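Comments concern the structure below.
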Amino acid sequence: MNPIELLSEEAGVLKASFDSAMVGAGFTQYTLYALLCLILTVVVVMVAGKRLTLVPHNKFVNMVEYGYAMVRQQIGEGAIGHGYRRHIPFLATLFFFILICNVIGLIPGSKAATGSLSITWALALISFVYFNYWGVKAHGGLGYIKSIAPSGLPKPLVPVIWFFEFISLCLRALTLAVRLYGNMFAGHMVLGIFALATSIFIQTALAGDALMFLPPIGWMLLLIIMYALECLVAFLQAYVFTTLSAVYIGLATSEH
């Protein structure tokens, strides 16, 4: 297969992945990977929970326990404050599920469930419903609606500020979904492009002289660097999504 045919085939694969990611309904590959990641999340938590000991000695359990402690202290306690403990199970579930989805997506040939807009929308809507539910529970229905506008405003400004704050509240689901989807999908597109460029240069080098192997080496190094960066992004996106959810919970339940 020559480089042009390889490029056309890879472009077709990327287009098919994009079309699949934009499917709003139906059982897609992304849905399958989301279910697999959900099962894997449950297995990881159950296995780690059964192996907890007073003196840690298992690296896998230590890693899961460290992730939970980070969600509990840095995200939950730091963003929510008083009453944060009741929200830790929800936040920890979000963090580990998104992290596992992102990590699975880094395995060659697999799909990142968070690279589908429909999956990230579902996660964002779950978070949106959750923090609004606790806001209503904390303030009551009418009280929560009134709390959307900050207290202490001059009365003529209250309707105007309330309207803009309400729009901002509704947009939180959109920002959560698009931020996670955009970062994960764009990262995998970049990895695909670098891998494609590397394969094309290798094929060109095989048909030429020894000096033609220098460009593939450079592209391969760039691919390794981008892959390492994507590993960091996989963790950061799970952390950011969970942190923003915790911040929204804090804003919904706090007195302001």
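Chains: A, B, ... in order of the structure tokens. Residues: from 1 per chain. Ligands: from 1, in order shown.
Using only C-alpha atoms, the protein and nucleic acid residues lying no more than 10 Å from Ile80 of chain A, apart from those fewer than 3 places from it along its own chain, are Gln74, Ile75, Gly76, Glu77, Gly83, Tyr84, Arg85, His87, Thr243, Ser245, Ala246, Val247, Tyr248, Ile249, Gly250, Leu251, Ala252, Thr253 and Ser254 of chain A.
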Q: Identify, on the basis of only C-alpha atoms, every residue whose closest approach to Gly218 of chain A does not exceed 12 Å; exclude the query and any residue fewer than 5 positions from it along the same chain; express the result as number ranges by chain.
A: A: 194-195, 197-199, 201-202, 212-213, 223-225
Keeping only N, CA, C and O atoms, take the residues you just selected and write them out as a PDB file, in the first residue's frame.
```pdb
ATOM      1  N   PHE A 194       0.155  12.012  14.081  1.00  0.00           N
ATOM      2  CA  PHE A 194       1.588  11.741  14.256  1.00  0.00           C
ATOM      3  C   PHE A 194       1.916  10.300  13.884  1.00  0.00           C
ATOM      4  O   PHE A 194       2.965  10.026  13.272  1.00  0.00           O
ATOM      5  N   ALA A 195       1.040   9.362  14.252  1.00  0.00           N
ATOM      6  CA  ALA A 195       1.267   7.959  13.886  1.00  0.00           C
ATOM      7  C   ALA A 195       1.199   7.778  12.375  1.00  0.00           C
ATOM      8  O   ALA A 195       1.993   7.031  11.788  1.00  0.00           O
ATOM      9  N   ALA A 197       1.851  10.117  10.079  1.00  0.00           N
ATOM     10  CA  ALA A 197       3.045  10.720   9.484  1.00  0.00           C
ATOM     11  C   ALA A 197       4.258   9.811   9.651  1.00  0.00           C
ATOM     12  O   ALA A 197       5.077   9.662   8.733  1.00  0.00           O
ATOM     13  N   THR A 198       4.366   9.188  10.818  1.00  0.00           N
ATOM     14  CA  THR A 198       5.489   8.277  11.057  1.00  0.00           C
ATOM     15  C   THR A 198       5.463   7.101  10.092  1.00  0.00           C
ATOM     16  O   THR A 198       6.491   6.733   9.505  1.00  0.00           O
ATOM     17  N   SER A 199       4.272   6.500   9.906  1.00  0.00           N
ATOM     18  CA  SER A 199       4.169   5.341   9.006  1.00  0.00           C
ATOM     19  C   SER A 199       4.452   5.725   7.556  1.00  0.00           C
ATOM     20  O   SER A 199       5.093   4.962   6.815  1.00  0.00           O
ATOM     21  N   PHE A 201       6.436   8.201   6.493  1.00  0.00           N
ATOM     22  CA  PHE A 201       7.875   8.437   6.332  1.00  0.00           C
ATOM     23  C   PHE A 201       8.656   7.129   6.368  1.00  0.00           C
ATOM     24  O   PHE A 201       9.679   6.991   5.694  1.00  0.00           O
ATOM     25  N   ILE A 202       8.199   6.161   7.156  1.00  0.00           N
ATOM     26  CA  ILE A 202       8.887   4.867   7.192  1.00  0.00           C
ATOM     27  C   ILE A 202       8.768   4.173   5.838  1.00  0.00           C
ATOM     28  O   ILE A 202       9.746   3.610   5.318  1.00  0.00           O
ATOM     29  N   MET A 212      16.988   8.661   4.516  1.00  0.00           N
ATOM     30  CA  MET A 212      15.547   8.878   4.603  1.00  0.00           C
ATOM     31  C   MET A 212      14.942   8.321   5.885  1.00  0.00           C
ATOM     32  O   MET A 212      13.774   8.541   6.176  1.00  0.00           O
ATOM     33  N   PHE A 213      15.765   7.596   6.690  1.00  0.00           N
ATOM     34  CA  PHE A 213      15.250   7.077   7.955  1.00  0.00           C
ATOM     35  C   PHE A 213      15.303   8.123   9.078  1.00  0.00           C
ATOM     36  O   PHE A 213      14.759   7.904  10.156  1.00  0.00           O
ATOM     37  N   LEU A 223       5.959  11.444  18.474  1.00  0.00           N
ATOM     38  CA  LEU A 223       4.813  10.608  18.821  1.00  0.00           C
ATOM     39  C   LEU A 223       4.905  10.124  20.265  1.00  0.00           C
ATOM     40  O   LEU A 223       3.906  10.126  21.000  1.00  0.00           O
ATOM     41  N   ILE A 224       6.112   9.730  20.683  1.00  0.00           N
ATOM     42  CA  ILE A 224       6.306   9.277  22.073  1.00  0.00           C
ATOM     43  C   ILE A 224       6.044  10.414  23.051  1.00  0.00           C
ATOM     44  O   ILE A 224       5.408  10.238  24.097  1.00  0.00           O
ATOM     45  N   ILE A 225       6.534  11.614  22.700  1.00  0.00           N
ATOM     46  CA  ILE A 225       6.312  12.781  23.569  1.00  0.00           C
ATOM     47  C   ILE A 225       4.822  13.095  23.672  1.00  0.00           C
ATOM     48  O   ILE A 225       4.297  13.364  24.767  1.00  0.00           O
TER      49      ILE A 225
END
```
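What separates atom CA of Glu65 of chain A from atom CA of Gly115 of chain A is a distance of 26.7 Å.
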Q: Run DSSP on the backbone and grab whatever in segment 53-105 of chain A lands in alpha helix (DSSP H); send it over as a PyMOL selection string.
A: chain A and resi 59-70+78-79+88-104
Q: Considering only C-alpha atoms, state which residue in the set A:Phe241, A:Tyr227, A:Tyr33, A:Tyr181 is at the smallest distance from Ser116 of chain A.
A: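 Closest to Ser116 of chain A of all the choices is A:Tyr181.
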Q: Could you tell me how far atom CA of Gly81 of chain A lies from atom CA of Phe131 of chain A, in Å and to one decimal?
A: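 Computing the Euclidean distance for atom CA of Gly81 of chain A and atom CA of Phe131 of chain A yields 14.4 Å.
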(Q) Quick one: residues within 12 Å of Val178 of chain A, only C-alpha atoms, excluding same-chain residues fewer than 2 positions away - as a PyMOL selection string? (A) chain A and resi 114-125+171-176+180-186+237+241
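Distances here use only C-alpha atoms; by that measure, the residue among A:Leu191, A:Leu196, A:Ile88, A:Leu214 closest to Met226 of chain A is A:Leu191.
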Q | Surrounding residues of Leu40 of chain A excluding itself and chain neighbours under 6 positions, 10 Å, only C-alpha atoms, as a ChimeraX atom specification | A | /A:34,46,96-97,100-101
Could you write out the selected residues, including N, CA, C and O atoms, as a JSON list (two decimals), in the first residue's frame?
```json
[["chain", "number", "residue", "atom", "x", "y", "z"],
["A", 34, "ALA", "N", -17.82, 2.42, 27.12],
["A", 34, "ALA", "CA", -18.31, 3.04, 28.36],
["A", 34, "ALA", "C", -18.81, 1.97, 29.33],
["A", 34, "ALA", "O", -18.55, 2.04, 30.54],
["A", 46, "MET", "N", -14.08, -2.66, 44.06],
["A", 46, "MET", "CA", -14.37, -3.80, 44.93],
["A", 46, "MET", "C", -13.11, -4.54, 45.32],
["A", 46, "MET", "O", -12.93, -4.92, 46.48],
["A", 96, "PHE", "N", -12.87, 8.13, 39.05],
["A", 96, "PHE", "CA", -12.31, 6.84, 38.63],
["A", 96, "PHE", "C", -12.90, 6.38, 37.30],
["A", 96, "PHE", "O", -12.18, 5.81, 36.47],
["A", 97, "PHE", "N", -14.18, 6.65, 37.07],
["A", 97, "PHE", "CA", -14.79, 6.23, 35.80],
["A", 97, "PHE", "C", -14.16, 6.99, 34.63],
["A", 97, "PHE", "O", -13.79, 6.40, 33.61],
["A", 100, "ILE", "N", -10.48, 5.91, 34.10],
["A", 100, "ILE", "CA", -10.37, 4.60, 33.45],
["A", 100, "ILE", "C", -10.75, 4.70, 31.98],
["A", 100, "ILE", "O", -10.09, 4.10, 31.11],
["A", 101, "CYS", "N", -11.80, 5.47, 31.66],
["A", 101, "CYS", "CA", -12.17, 5.67, 30.26],
["A", 101, "CYS", "C", -11.01, 6.29, 29.47],
["A", 101, "CYS", "O", -10.71, 5.86, 28.35]]
```
Q: Would you mind telling me which residue in A:Thr242, A:Ser127, A:Thr31, A:Ser110 lies nearest to Val71 of chain A when using only C-alpha atoms?
A: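 Ranked by minimum distance to Val71 of chain A, first place goes to A:Thr242.
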(Q) Using Å and a single decimal, report how far atom CA of Leu94 of chain A sits from atom CA of Ala48 of chain A. (A)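 Value for the atom CA of Ala48 of chain A-atom CA of Leu94 of chain A distance: 16.8 Å.
Residue nearest Leu244 of chain A within the list A:Pro154, A:Pro108, A:Gly140, A:Gly78: A:Gly78 [criterion: smallest interatomic distance, only C-alpha atoms].
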